[in-house]
>>> print(open('my_file-v4.txt').read())   # compact mmCIF, C-alpha atoms and all ligand atoms
# COMPACT_ATOMS: atom_id res chain seq x y z
CA MET S 738 87.57 71.22 52.77
CA GLY S 739 84.10 72.81 52.57
CA GLU S 740 82.38 73.04 49.20
CA GLU S 741 82.97 76.77 48.69
CA ASP S 742 86.68 76.62 49.65
CA PHE S 743 87.03 73.63 47.36
CA ARG S 744 85.39 75.53 44.51
CA LEU S 745 87.78 78.47 44.88
CA ALA S 746 90.84 76.21 45.09
CA VAL S 747 89.73 74.37 41.93
CA ARG S 748 89.09 77.68 40.16
CA ALA S 749 92.64 78.84 40.88
CA PHE S 750 94.12 75.49 39.82
CA LEU S 751 92.18 75.40 36.54
CA ALA S 752 93.02 79.03 35.77
CA GLU S 753 96.69 78.15 36.00
CA LEU S 754 96.31 74.91 34.03
CA THR S 755 94.45 76.54 31.13
CA GLY S 756 96.16 79.96 31.30
CA GLY S 757 98.94 81.48 29.22
CA GLN S 758 97.34 80.33 25.96
CA ALA S 759 97.65 76.66 27.00
CA ALA S 760 93.98 75.84 26.39
CA GLU S 761 93.98 77.76 23.08
CA GLN S 762 96.85 75.52 22.03
CA TRP S 763 94.86 72.38 22.94
CA GLU S 764 91.98 73.67 20.83
CA HIS S 765 94.36 74.28 17.96
CA ASP S 766 95.97 70.83 18.35
CA ARG S 767 92.52 69.23 18.76
CA ALA S 768 93.98 67.18 21.61
CA LEU S 769 94.90 67.41 25.28
CA PRO S 770 98.52 66.69 26.20
CA ARG S 771 99.15 63.85 28.67
CA SER S 772 100.56 66.39 31.11
CA VAL S 773 97.01 67.75 31.62
CA TRP S 774 95.74 64.36 32.74
CA GLN S 775 98.75 63.91 34.99
CA ALA S 776 98.25 67.33 36.60
CA LEU S 777 94.57 66.63 37.24
CA GLY S 778 95.37 63.18 38.62
CA GLU S 779 98.16 64.40 40.88
CA ASN S 780 95.79 67.00 42.32
CA GLN S 781 93.14 64.35 43.05
CA LEU S 782 90.65 65.90 40.66
CA LEU S 783 89.90 62.84 38.53
CA GLY S 784 88.52 60.69 41.33
CA LEU S 785 86.31 63.03 43.32
CA GLY S 786 83.24 60.82 43.06
CA TYR S 787 85.03 57.55 43.87
CA PRO S 788 85.60 55.94 47.26
CA GLN S 789 89.08 56.15 48.73
CA ARG S 790 89.52 52.37 48.55
CA LEU S 791 89.43 52.75 44.72
CA GLY S 792 91.91 55.63 44.69
CA GLY S 793 89.28 58.36 44.77
CA SER S 794 88.60 61.18 47.22
CA GLY S 795 85.21 60.02 48.48
CA VAL S 796 83.87 63.58 48.74
CA PRO S 797 80.13 64.35 48.48
CA LEU S 798 78.52 64.65 45.06
CA LEU S 799 78.16 68.43 45.43
CA HIS S 800 81.99 68.69 45.34
CA SER S 801 81.85 67.02 41.93
CA VAL S 802 79.15 69.47 40.85
CA ALA S 803 81.42 72.33 41.96
CA PHE S 804 84.38 70.85 40.05
CA LEU S 805 82.30 70.31 36.90
CA SER S 806 80.88 73.81 36.95
CA GLU S 807 84.40 75.22 37.46
CA LEU S 808 85.52 73.18 34.45
CA GLY S 809 82.67 74.92 32.60
CA ARG S 810 83.84 78.32 33.80
CA THR S 811 87.21 77.84 32.12
CA GLY S 812 85.36 78.55 28.87
CA PHE S 813 86.97 75.61 27.06
CA ALA S 814 84.24 73.07 26.49
CA GLY S 815 86.45 70.56 24.65
CA PHE S 816 88.75 70.34 27.66
CA ARG S 817 85.93 70.22 30.20
CA THR S 818 84.07 67.50 28.28
CA ALA S 819 87.16 65.34 27.84
CA VAL S 820 87.68 65.38 31.62
CA ALA S 821 84.01 64.77 32.39
CA VAL S 822 83.76 61.84 29.98
CA HIS S 823 86.82 60.28 31.58
CA SER S 824 85.79 60.77 35.22
CA TYR S 825 81.99 60.89 35.28
CA MET S 826 80.95 58.90 32.23
CA ALA S 827 83.35 56.12 31.13
CA ASN S 828 85.04 55.32 34.45
CA HIS S 829 81.77 55.61 36.34
CA TYR S 830 80.88 52.08 35.16
CA LEU S 831 84.18 50.67 36.41
CA GLY S 832 83.67 52.29 39.80
CA GLN S 833 80.10 51.03 40.14
CA TYR S 834 80.22 47.59 38.57
CA GLY S 835 83.84 46.73 37.67
CA SER S 836 85.55 43.64 39.08
CA PRO S 837 88.54 44.18 41.42
CA PHE S 838 90.72 43.16 38.45
CA LEU S 839 89.26 45.87 36.18
CA GLN S 840 89.39 48.46 38.93
CA ARG S 841 93.06 47.69 39.58
CA GLN S 842 94.03 47.47 35.93
CA TYR S 843 92.12 50.48 34.57
CA LEU S 844 90.34 52.58 37.17
CA ALA S 845 93.28 53.13 39.55
CA PRO S 846 95.69 54.42 36.85
CA ALA S 847 92.86 56.44 35.27
CA LEU S 848 92.08 58.26 38.52
CA ALA S 849 95.79 58.98 38.89
CA GLY S 850 95.90 60.49 35.38
CA ARG S 851 98.09 57.76 33.91
CA LYS S 852 95.42 56.28 31.61
CA VAL S 853 92.72 58.01 29.56
CA ALA S 854 89.24 56.55 29.18
CA ALA S 855 86.54 57.01 26.54
CA LEU S 856 82.91 55.95 26.44
CA ALA S 857 81.81 54.28 23.21
CA ILE S 858 78.03 53.92 23.02
CA THR S 859 76.84 55.88 19.99
CA GLU S 860 76.97 54.30 16.55
CA PRO S 861 76.46 55.86 13.13
CA GLU S 862 72.92 54.41 13.07
CA ALA S 863 72.10 54.36 16.80
CA GLY S 864 72.35 57.27 19.21
CA SER S 865 69.47 58.19 21.49
CA ASP S 866 67.88 54.79 20.78
CA LEU S 867 70.03 52.35 22.78
CA ALA S 868 67.88 49.45 21.63
CA ALA S 869 69.24 49.92 18.11
CA LEU S 870 72.90 49.24 19.04
CA SER S 871 74.44 46.73 16.67
CA THR S 872 78.08 46.34 17.79
CA LEU S 873 78.35 42.65 18.53
CA ALA S 874 80.45 40.59 20.95
CA VAL S 875 80.37 36.93 19.91
CA PRO S 876 81.65 34.38 22.46
CA ASP S 877 84.73 32.46 21.35
CA GLY S 878 86.01 30.13 24.06
CA GLU S 879 86.81 32.28 27.12
CA ASP S 880 86.92 35.41 24.95
CA PHE S 881 84.64 37.55 22.80
CA LEU S 882 85.15 38.72 19.25
CA VAL S 883 83.92 42.31 19.00
CA THR S 884 82.83 43.89 15.73
CA GLY S 885 81.18 47.25 15.14
CA VAL S 886 81.72 50.98 14.68
CA LYS S 887 81.31 53.68 17.32
CA SER S 888 80.84 57.34 16.51
CA MET S 889 81.33 60.68 18.33
CA VAL S 890 83.68 59.14 20.90
CA VAL S 891 85.13 61.95 23.01
CA ASN S 892 88.79 61.16 23.91
CA GLY S 893 88.52 58.58 21.11
CA SER S 894 91.80 59.66 19.52
CA ALA S 895 93.78 59.55 22.77
CA ALA S 896 92.11 56.90 24.90
CA ASP S 897 94.01 53.97 26.37
CA TYR S 898 90.76 52.05 26.69
CA PHE S 899 87.12 52.20 25.76
CA VAL S 900 84.12 51.40 27.87
CA LEU S 901 82.12 49.88 25.06
CA ALA S 902 78.39 49.16 24.84
CA CYS S 903 77.66 46.13 22.69
CA ARG S 904 75.28 43.26 22.15
CA MET S 905 76.49 39.99 23.51
CA SER S 906 75.01 36.91 21.98
CA ASP S 907 75.76 33.77 20.01
CA THR S 908 74.01 35.13 16.96
CA ALA S 909 73.03 38.56 15.77
CA SER S 910 69.34 37.77 15.66
CA ASP S 911 68.43 35.91 18.86
CA SER S 912 66.02 37.12 21.53
CA SER S 913 68.70 39.28 23.15
CA ARG S 914 67.82 41.99 20.63
CA SER S 915 64.96 43.05 22.89
CA LYS S 916 65.26 46.60 24.27
CA SER S 917 66.88 45.82 27.57
CA GLY S 918 68.35 42.39 26.94
CA GLY S 919 71.70 41.51 25.48
CA ILE S 920 73.48 44.83 25.99
CA SER S 921 76.74 44.55 27.91
CA LEU S 922 79.58 46.86 28.78
CA LEU S 923 83.15 45.77 28.05
CA VAL S 924 86.53 47.37 28.61
CA VAL S 925 88.51 47.24 25.37
CA ASP S 926 92.17 48.25 25.20
CA ALA S 927 92.84 50.76 22.44
CA ALA S 928 96.07 48.97 21.54
CA LEU S 929 94.42 45.63 20.68
CA PRO S 930 94.69 44.41 17.08
CA GLY S 931 91.55 45.38 15.15
CA VAL S 932 90.88 48.65 17.00
CA THR S 933 91.25 51.77 14.86
CA ALA S 934 90.37 55.33 15.81
CA ALA S 935 90.03 58.09 13.23
CA PRO S 936 89.57 61.75 14.22
CA GLN S 937 86.03 63.01 13.60
CA PRO S 938 86.25 66.79 13.08
CA THR S 939 83.43 68.52 14.96
CA LEU S 940 81.99 72.04 14.90
CA GLY S 941 83.15 72.71 18.47
CA TRP S 942 84.72 70.90 21.43
CA HIS S 943 87.95 70.82 19.43
CA SER S 944 90.28 69.71 22.22
CA ALA S 945 88.05 66.75 23.10
CA GLY S 946 89.75 64.52 20.51
CA THR S 947 86.44 63.15 19.18
CA ALA S 948 86.83 60.10 16.97
CA THR S 949 85.05 57.33 15.20
CA VAL S 950 86.34 53.99 16.47
CA ALA S 951 86.11 50.74 14.55
CA PHE S 952 86.31 47.30 16.17
CA ASP S 953 87.06 44.61 13.62
CA GLY S 954 86.93 41.14 15.13
CA VAL S 955 88.76 42.36 18.24
CA ARG S 956 89.57 39.53 20.66
CA VAL S 957 88.58 40.65 24.16
CA ALA S 958 89.02 38.46 27.25
CA GLY S 959 85.88 37.46 29.18
CA SER S 960 87.35 39.14 32.27
CA GLN S 961 86.83 42.52 30.54
CA VAL S 962 83.04 42.42 30.97
CA ILE S 963 81.88 45.14 33.39
CA GLY S 964 79.55 43.57 35.95
CA ARG S 965 77.07 40.99 34.73
CA ALA S 966 76.87 40.19 31.01
CA GLY S 967 73.54 41.43 29.66
CA ALA S 968 73.07 44.03 32.41
CA GLY S 969 74.36 46.91 30.28
CA PHE S 970 71.00 48.52 29.63
CA TYR S 971 70.33 48.96 33.35
CA GLN S 972 73.90 50.04 34.03
CA LEU S 973 73.50 52.69 31.33
CA LEU S 974 70.13 53.79 32.66
CA TYR S 975 71.82 54.64 35.96
CA GLY S 976 75.03 55.99 34.44
CA LEU S 977 73.22 58.28 32.02
CA GLN S 978 71.76 60.19 34.98
CA TYR S 979 75.31 60.96 36.17
CA GLU S 980 76.23 61.89 32.62
CA ARG S 981 73.32 64.34 32.41
CA LEU S 982 74.03 65.82 35.80
CA ALA S 983 77.67 66.35 34.74
CA ALA S 984 76.59 67.93 31.43
CA ALA S 985 74.22 70.24 33.31
CA ALA S 986 76.83 71.27 35.90
CA MET S 987 79.34 72.09 33.16
CA ALA S 988 76.70 74.07 31.26
CA VAL S 989 76.03 76.16 34.38
CA GLY S 990 79.71 77.09 34.63
CA GLY S 991 79.81 77.66 30.88
CA THR S 992 76.91 80.10 31.10
CA GLU S 993 78.56 81.99 33.95
CA HIS S 994 81.75 82.28 31.91
CA CYS S 995 79.80 83.41 28.87
CA LEU S 996 77.99 86.08 30.88
CA GLN S 997 81.34 87.36 32.15
CA VAL S 998 82.68 87.59 28.60
CA LEU S 999 79.48 89.42 27.61
CA VAL S 1000 79.56 91.86 30.53
CA ASP S 1001 83.21 92.72 29.82
CA GLN S 1002 82.31 93.47 26.20
CA LEU S 1003 79.23 95.54 27.07
CA ARG S 1004 81.28 97.70 29.43
CA ARG S 1005 84.14 98.07 26.97
CA ARG S 1006 82.26 98.85 23.76
CA SER S 1007 80.35 102.04 23.03
CA ALA S 1008 77.90 102.94 20.27
CA HIS S 1009 75.73 105.99 19.67
CA GLY S 1010 77.72 107.84 22.34
CA ARG S 1011 77.00 105.36 25.16
CA GLN S 1012 78.42 102.16 26.61
CA LEU S 1013 76.48 99.17 25.26
CA ALA S 1014 75.87 98.29 28.90
CA GLN S 1015 73.66 101.39 29.21
CA PHE S 1016 71.02 100.39 26.65
CA GLN S 1017 67.84 99.10 28.24
CA ALA S 1018 67.24 96.43 25.60
CA VAL S 1019 70.70 95.05 26.35
CA ARG S 1020 70.39 95.37 30.12
CA HIS S 1021 67.12 93.44 30.23
CA ARG S 1022 68.54 90.65 28.11
CA VAL S 1023 71.53 90.30 30.43
CA ALA S 1024 69.29 90.51 33.51
CA ALA S 1025 67.11 87.68 32.21
CA LEU S 1026 70.14 85.47 31.48
CA ALA S 1027 71.68 86.20 34.90
CA THR S 1028 68.42 85.24 36.59
CA GLU S 1029 68.19 82.02 34.65
CA ALA S 1030 71.83 81.21 35.46
CA VAL S 1031 70.99 81.19 39.16
CA ALA S 1032 67.90 79.07 38.49
CA ALA S 1033 70.00 76.58 36.51
CA ARG S 1034 72.61 76.38 39.27
CA GLU S 1035 69.90 75.59 41.84
CA LEU S 1036 68.24 73.04 39.55
CA VAL S 1037 71.55 71.21 39.17
CA ALA S 1038 72.17 71.26 42.94
CA HIS S 1039 68.63 69.94 43.46
CA ALA S 1040 69.23 67.06 41.02
CA ALA S 1041 72.53 66.23 42.77
CA ARG S 1042 70.83 66.14 46.18
CA CYS S 1043 68.19 63.76 44.78
CA PHE S 1044 70.88 61.09 44.28
CA ASP S 1045 70.69 60.58 48.03
CA SER S 1046 67.12 59.32 47.76
CA ALA S 1047 66.18 55.73 46.98
CA LYS S 1048 64.63 56.66 43.63
CA LEU S 1049 66.82 57.19 40.58
CA PRO S 1050 66.38 60.93 39.81
CA VAL S 1051 65.68 60.56 36.08
CA ALA S 1052 63.26 63.49 35.86
CA GLU S 1053 65.44 65.77 38.00
CA CYS S 1054 68.60 65.06 35.98
CA SER S 1055 66.67 65.48 32.72
CA MET S 1056 65.27 68.83 33.91
CA ALA S 1057 68.72 70.04 34.95
CA LYS S 1058 70.30 68.91 31.68
CA LEU S 1059 67.51 70.36 29.56
CA TYR S 1060 67.41 73.73 31.29
CA ALA S 1061 71.13 74.28 31.80
CA THR S 1062 72.24 73.29 28.29
CA GLU S 1063 69.45 75.21 26.54
CA LEU S 1064 70.27 78.26 28.67
CA ALA S 1065 73.97 77.95 27.78
CA SER S 1066 73.02 77.99 24.09
CA ARG S 1067 70.84 81.08 24.52
CA ALA S 1068 73.56 82.84 26.51
CA ALA S 1069 76.15 82.08 23.83
CA ASP S 1070 73.77 83.32 21.14
CA ALA S 1071 73.22 86.58 23.04
CA CYS S 1072 76.96 86.89 23.60
CA LEU S 1073 77.68 86.66 19.89
CA GLN S 1074 74.81 88.98 18.94
CA LEU S 1075 75.96 91.69 21.36
CA HIS S 1076 79.56 91.43 20.14
CA GLY S 1077 78.28 92.44 16.70
CA SER S 1078 80.45 91.57 13.72
CA ALA S 1079 83.49 91.02 15.97
CA GLY S 1080 81.68 88.02 17.46
CA TYR S 1081 81.14 86.52 14.05
CA LEU S 1082 84.86 86.28 13.32
CA GLU S 1083 85.82 82.62 13.29
CA ASP S 1084 88.51 82.88 15.94
CA SER S 1085 86.58 85.13 18.33
CA ILE S 1086 85.73 83.90 21.82
CA ALA S 1087 82.03 84.51 21.17
CA ALA S 1088 82.15 82.28 18.08
CA ARG S 1089 83.89 79.50 20.02
CA LEU S 1090 81.32 79.70 22.82
CA LEU S 1091 78.47 79.44 20.33
CA ARG S 1092 80.05 76.45 18.55
CA ASP S 1093 80.76 74.74 21.86
CA THR S 1094 77.39 75.24 23.53
CA ARG S 1095 75.60 73.94 20.44
CA ALA S 1096 76.89 70.42 21.17
CA ALA S 1097 75.56 70.24 24.71
CA THR S 1098 71.86 70.16 23.80
CA ILE S 1099 72.54 67.00 21.75
CA ALA S 1100 75.29 65.09 23.59
CA ALA S 1101 74.30 62.99 26.63
CA GLY S 1102 70.75 62.89 25.25
CA PRO S 1103 69.08 65.51 23.05
CA THR S 1104 66.70 68.11 24.46
CA GLU S 1105 63.72 66.31 22.87
CA VAL S 1106 64.56 63.12 24.76
CA MET S 1107 64.85 65.12 28.00
CA TYR S 1108 61.33 66.47 27.39
CA ASP S 1109 60.09 62.89 26.81
CA LEU S 1110 61.62 61.68 30.09
CA ILE S 1111 60.22 64.62 32.07
CA ALA S 1112 56.80 64.20 30.47
CA SER S 1113 56.79 60.50 31.39
CA SER S 1114 57.42 61.33 35.01
CA VAL S 1115 54.72 64.01 35.06
CA LEU S 1116 52.05 62.33 32.97
CA ASP S 1117 52.46 58.55 33.05
C1 LIG O 1201 79.87 66.71 20.61
C2 LIG O 1201 79.32 65.36 20.95
C3 LIG O 1201 80.05 64.48 21.72
C4 LIG O 1201 79.57 63.19 21.99
N1 LIG O 1201 80.32 62.32 22.72
C5 LIG O 1201 79.93 61.03 22.84
C6 LIG O 1201 80.77 60.05 23.47
O1 LIG O 1201 81.85 60.36 24.01
N2 LIG O 1201 80.37 58.76 23.46
C7 LIG O 1201 79.20 58.37 22.91
O2 LIG O 1201 78.88 57.18 22.93
N3 LIG O 1201 78.37 59.27 22.32
C8 LIG O 1201 78.71 60.58 22.26
N4 LIG O 1201 77.89 61.50 21.65
C9 LIG O 1201 76.67 61.04 21.04
C10 LIG O 1201 75.42 61.52 21.76
O3 LIG O 1201 75.21 60.84 22.95
C11 LIG O 1201 74.30 61.37 20.75
O4 LIG O 1201 74.51 62.38 19.77
C12 LIG O 1201 72.93 61.50 21.31
O5 LIG O 1201 72.61 60.43 22.16
C13 LIG O 1201 71.88 61.57 20.19
O6 LIG O 1201 72.05 60.50 19.31
P1 LIG O 1201 72.21 60.79 17.74
O7 LIG O 1201 73.21 61.87 17.55
O8 LIG O 1201 72.44 59.51 17.05
O9 LIG O 1201 70.82 61.39 17.32
P2 LIG O 1201 69.50 60.57 16.97
O10 LIG O 1201 69.17 59.62 18.05
O11 LIG O 1201 69.60 60.07 15.56
O12 LIG O 1201 68.46 61.77 16.99
C14 LIG O 1201 68.59 62.86 16.04
C15 LIG O 1201 67.73 63.99 16.52
O13 LIG O 1201 66.38 63.56 16.50
C16 LIG O 1201 65.66 64.14 17.55
N5 LIG O 1201 65.12 63.09 18.42
C17 LIG O 1201 65.73 61.97 18.87
N6 LIG O 1201 64.92 61.28 19.70
C18 LIG O 1201 63.77 61.99 19.76
C19 LIG O 1201 62.54 61.81 20.46
N7 LIG O 1201 62.36 60.78 21.30
N8 LIG O 1201 61.56 62.74 20.29
C20 LIG O 1201 61.76 63.81 19.47
N9 LIG O 1201 62.89 64.03 18.82
C21 LIG O 1201 63.89 63.14 18.95
C22 LIG O 1201 66.66 65.03 18.33
O14 LIG O 1201 66.59 66.34 17.86
C23 LIG O 1201 67.99 64.43 17.96
O15 LIG O 1201 69.05 65.37 18.07
C24 LIG O 1201 78.33 62.81 21.44
C25 LIG O 1201 77.58 63.73 20.69
C26 LIG O 1201 78.05 64.99 20.45
C27 LIG O 1201 77.22 65.94 19.64
>>> encode(input="my_file-v4.txt", output="structure tokens", more="lines below")
Ligand SMILES: Cc1cc2nc3c(=O)[nH]c(=O)nc-3n(C[C@H](O)[C@H](O)[C@H](O)COP(=O)(O)OP(=O)(O)OC[C@H]3O[C@@H](n4cnc5c(N)ncnc54)[C@H](O)[C@@H]3O)c2cc1C
Amino acid sequence: MGEEDFRLAVRAFLAELTGGQAAEQWEHDRALPRSVWQALGENQLLGLGYPQRLGGSGVPLLHSVAFLSELGRTGFAGFRTAVAVHSYMANHYLGQYGSPFLQRQYLAPALAGRKVAALAITEPEAGSDLAALSTLAVPDGEDFLVTGVKSMVVNGSAADYFVLACRMSDTASDSSRSKSGGISLLVVDAALPGVTAAPQPTLGWHSAGTATVAFDGVRVAGSQVIGRAGAGFYQLLYGLQYERLAAAAMAVGGTEHCLQVLVDQLRRRSAHGRQLAQFQAVRHRVAALATEAVAARELVAHAARCFDSAKLPVAECSMAKLYATELASRAADACLQLHGSAGYLEDSIAARLLRDTRAATIAAGPTEVMYDLIASSVLD
């Protein structure tokens, strides 16, 4: 199926999945039901970026960009993020570096919607600075004993397993504490003794089931290491570009949805004897946002195309993430402003959009870090 036909088919599918108040209910419950994962899996939407031999669809990256931006267009950022974390963030590492055992045990059921994945990198004292991670995996025979706390884990409350970033060493203070050394990725089953997840209430993204997850001396088999022990920093460096591209693509769809909500309101509401849509100050604001939405869409497509080149597109993904998520925030702010007091009501759509977009300029790397990465590529 061509990219545009695929986009329209996905749009119709997602409208049905989230329609009839279903997505509002997920927001209220602060969780996605398992049936959502099953429906996405059965419709081959969880494995778009994976080769067919791993249970994926093997379609080009631009199909994933279309899917992610359609997820954004649903207007439910908790739902869209939960799906993106599962398919483009956590499971990405299993697809790229996982052993056949891990791919069979975790990736295959995850792509089919039978298992839910979460990515556990951030800690209460270490977020954008990966070198500060302190969760430790200490070798014990053939196994590792894992101890640490992870924070802001999307799908954390519902996950069957965590792709966990940790330090792997005999002691907590050896030379592996250098920036790139010693970090490894492990798959940890949520049901293992010593793993506890506690919901972490967030301003937005309510249906994403965000949690803090504690690992208290959890015994993890050596076969659960993803790829080579100690290679986690480089695996993350690559994976974070996918994560940022996914965040940017979803933000593009989110902005388009937000503009639609805004346009509907501006046509519906009148003041001073005229439709709001007739006031020049309003029209110019909408025109500027609509222009930027097209620019953001093209920037994201450009970053996606750059994955075909030999060079890792760090600057391109950072630019796309920076621009698209900041634009989504500005669009949501305009949307609320132009709804007037009705937008400020806690359960209004405009309020939810503002709460939700606020997260995207922090998650997957804050705007300031995106500027640093772009500046490095331009200046250094
Ligand atoms: C809603 C949400 C969901 C998330 N989901 C996940 C998840 O599923 N799994 C996971 O592991 N993590 C997740 N995160 C964590 C996210 O990746 C981190 O929030 C992010 O990397 C920033 O880390 P931090 O919050 O610790 O902020 P810090 O690193 O402490 O930074 C705080 C602030 O300082 C500023 N800052 C940081 N670095 C610089 C710099 N170089 N120059 C200038 N200013 C700077 C920025 O404004 C930044 O927001 C999520 C975050 C949010 C908000």
>>> residues_near_ligand(input="my_file-v4.txt", ligand="ligand LIG 1201 (chain O)", cutoff="6 Å", atoms="only C-alpha atoms and all ligand atoms", output="JSON list (two decimals) with C-alpha atoms, in the frame of the given file")
[["chain", "number", "residue", "atom", "x", "y", "z"],
["S", 856, "LEU", "CA", 82.91, 55.95, 26.44],
["S", 857, "ALA", "CA", 81.81, 54.28, 23.21],
["S", 858, "ILE", "CA", 78.03, 53.92, 23.02],
["S", 859, "THR", "CA", 76.84, 55.88, 19.99],
["S", 863, "ALA", "CA", 72.10, 54.36, 16.80],
["S", 864, "GLY", "CA", 72.35, 57.27, 19.21],
["S", 865, "SER", "CA", 69.47, 58.19, 21.49],
["S", 866, "ASP", "CA", 67.88, 54.79, 20.78],
["S", 889, "MET", "CA", 81.33, 60.68, 18.33],
["S", 890, "VAL", "CA", 83.68, 59.14, 20.90],
["S", 891, "VAL", "CA", 85.13, 61.95, 23.01],
["S", 1096, "ALA", "CA", 76.89, 70.42, 21.17],
["S", 1099, "ILE", "CA", 72.54, 67.00, 21.75],
["S", 1100, "ALA", "CA", 75.29, 65.09, 23.59],
["S", 1101, "ALA", "CA", 74.30, 62.99, 26.63],
["S", 1102, "GLY", "CA", 70.75, 62.89, 25.25],
["S", 1103, "PRO", "CA", 69.08, 65.51, 23.05],
["S", 1105, "GLU", "CA", 63.72, 66.31, 22.87],
["S", 1106, "VAL", "CA", 64.56, 63.12, 24.76]]
>>> residues_around(input="my_file-v4.txt", residues="range 962-975 of chain S", least_positions_apart="3", cutoff="8 Å", atoms="all atoms listed in the file", output="list of chain:residue names")
S:Tyr830, S:Leu831, S:Tyr834, S:Gly835, S:Ser836, S:Leu839, S:Leu867, S:Ala902, S:Arg904, S:Met905, S:Ser917, S:Gly918, S:Gly919, S:Ile920, S:Ser921, S:Leu922, S:Leu923, S:Val924, S:Gly959, S:Gln978, S:Tyr979, S:Leu1049
>>> residues_around(input="my_file-v4.txt", residues="range 992-995 of chain S", least_positions_apart="5", cutoff="7 Å", atoms="all atoms listed in the file", output="list in words")
Arg810, Gly812, Ala1030, Ala1065, Ala1068, Ala1069 and Cys1072 of chain S
>>> closest_residue(input="my_file-v4.txt", among="S:Gln997, S:Ser801, S:Ser871, S:Ser806", to="Ala1027 in chain S", atoms="only C-alpha atoms")
S:Gln997
>>> residues_near_point(input="my_file-v4.txt", point="(79.9, 64.6, 46.7)", cutoff="12 Å", atoms="all atoms listed in the file", output="list in words")
Met738, Gly739, Glu740, Phe743, Gly784, Leu785, Gly786, Tyr787, Pro788, Gly793, Ser794, Gly795, Val796, Pro797, Leu798, Leu799, His800, Ser801, Val802, Ala803, Phe804, Leu805, Ala1038, Ala1041, Arg1042, Cys1043, Phe1044 and Asp1045 of chain S
>>> write_last_selection(input="my_file-v4.txt", atoms="C-alpha atoms", output="PDB file, in the frame of the given file")
ATOM      1  CA  MET S 738      87.570  71.220  52.770  1.00  0.00           C
ATOM      2  CA  GLY S 739      84.100  72.810  52.570  1.00  0.00           C
ATOM      3  CA  GLU S 740      82.380  73.040  49.200  1.00  0.00           C
ATOM      4  CA  PHE S 743      87.030  73.630  47.360  1.00  0.00           C
ATOM      5  CA  GLY S 784      88.520  60.690  41.330  1.00  0.00           C
ATOM      6  CA  LEU S 785      86.310  63.030  43.320  1.00  0.00           C
ATOM      7  CA  GLY S 786      83.240  60.820  43.060  1.00  0.00           C
ATOM      8  CA  TYR S 787      85.030  57.550  43.870  1.00  0.00           C
ATOM      9  CA  PRO S 788      85.600  55.940  47.260  1.00  0.00           C
ATOM     10  CA  GLY S 793      89.280  58.360  44.770  1.00  0.00           C
ATOM     11  CA  SER S 794      88.600  61.180  47.220  1.00  0.00           C
ATOM     12  CA  GLY S 795      85.210  60.020  48.480  1.00  0.00           C
ATOM     13  CA  VAL S 796      83.870  63.580  48.740  1.00  0.00           C
ATOM     14  CA  PRO S 797      80.130  64.350  48.480  1.00  0.00           C
ATOM     15  CA  LEU S 798      78.520  64.650  45.060  1.00  0.00           C
ATOM     16  CA  LEU S 799      78.160  68.430  45.430  1.00  0.00           C
ATOM     17  CA  HIS S 800      81.990  68.690  45.340  1.00  0.00           C
ATOM     18  CA  SER S 801      81.850  67.020  41.930  1.00  0.00           C
ATOM     19  CA  VAL S 802      79.150  69.470  40.850  1.00  0.00           C
ATOM     20  CA  ALA S 803      81.420  72.330  41.960  1.00  0.00           C
ATOM     21  CA  PHE S 804      84.380  70.850  40.050  1.00  0.00           C
ATOM     22  CA  LEU S 805      82.300  70.310  36.900  1.00  0.00           C
ATOM     23  CA  ALA S1038      72.170  71.260  42.940  1.00  0.00           C
ATOM     24  CA  ALA S1041      72.530  66.230  42.770  1.00  0.00           C
ATOM     25  CA  ARG S1042      70.830  66.140  46.180  1.00  0.00           C
ATOM     26  CA  CYS S1043      68.190  63.760  44.780  1.00  0.00           C
ATOM     27  CA  PHE S1044      70.880  61.090  44.280  1.00  0.00           C
ATOM     28  CA  ASP S1045      70.690  60.580  48.030  1.00  0.00           C
TER      29      ASP S1045
END
>>> atom_distance(input="my_file-v4.txt", atom1="CA of Ala760 in chain S", atom2="CA of Ala945 in chain S")
11.3 Å
>>> atom_distance(input="my_file-v4.txt", atom1="CA of Val925 in chain S", atom2="CA of Gln961 in chain S")
7.2 Å
>>> residues_near_point(input="my_file-v4.txt", point="(81.2, 84.9, 19.5)", cutoff="8 Å", atoms="all atoms listed in the file", output="PyMOL selection string")
chain S and resi 1069-1070+1072-1074+1076+1079-1082+1085-1091
>>> atom_distance(input="my_file-v4.txt", atom1="CA of Ala776 in chain S", atom2="CA of Phe838 in chain S")
25.4 Å
>>> residues_around(input="my_file-v4.txt", residues="Thr1062 in chain S", least_positions_apart="3", cutoff="12 Å", atoms="all atoms listed in the file", output="PyMOL selection string")
chain S and resi 809+981-992+1029-1030+1033-1034+1036-1037+1054-1059+1065-1069+1091+1093-1104+1107
>>> residues_around(input="my_file-v4.txt", residues="Glu980 in chain S", least_positions_apart="6", cutoff="8 Å", atoms="only C-alpha atoms", output="list in words")
Val822, Tyr825, Met826 and Ala1101 of chain S
>>> closest_residue(input="my_file-v4.txt", among="S:Tyr1108, S:Tyr1060, S:Phe952, S:Trp763", to="Leu882 in chain S", atoms="all atoms listed in the file")
S:Phe952
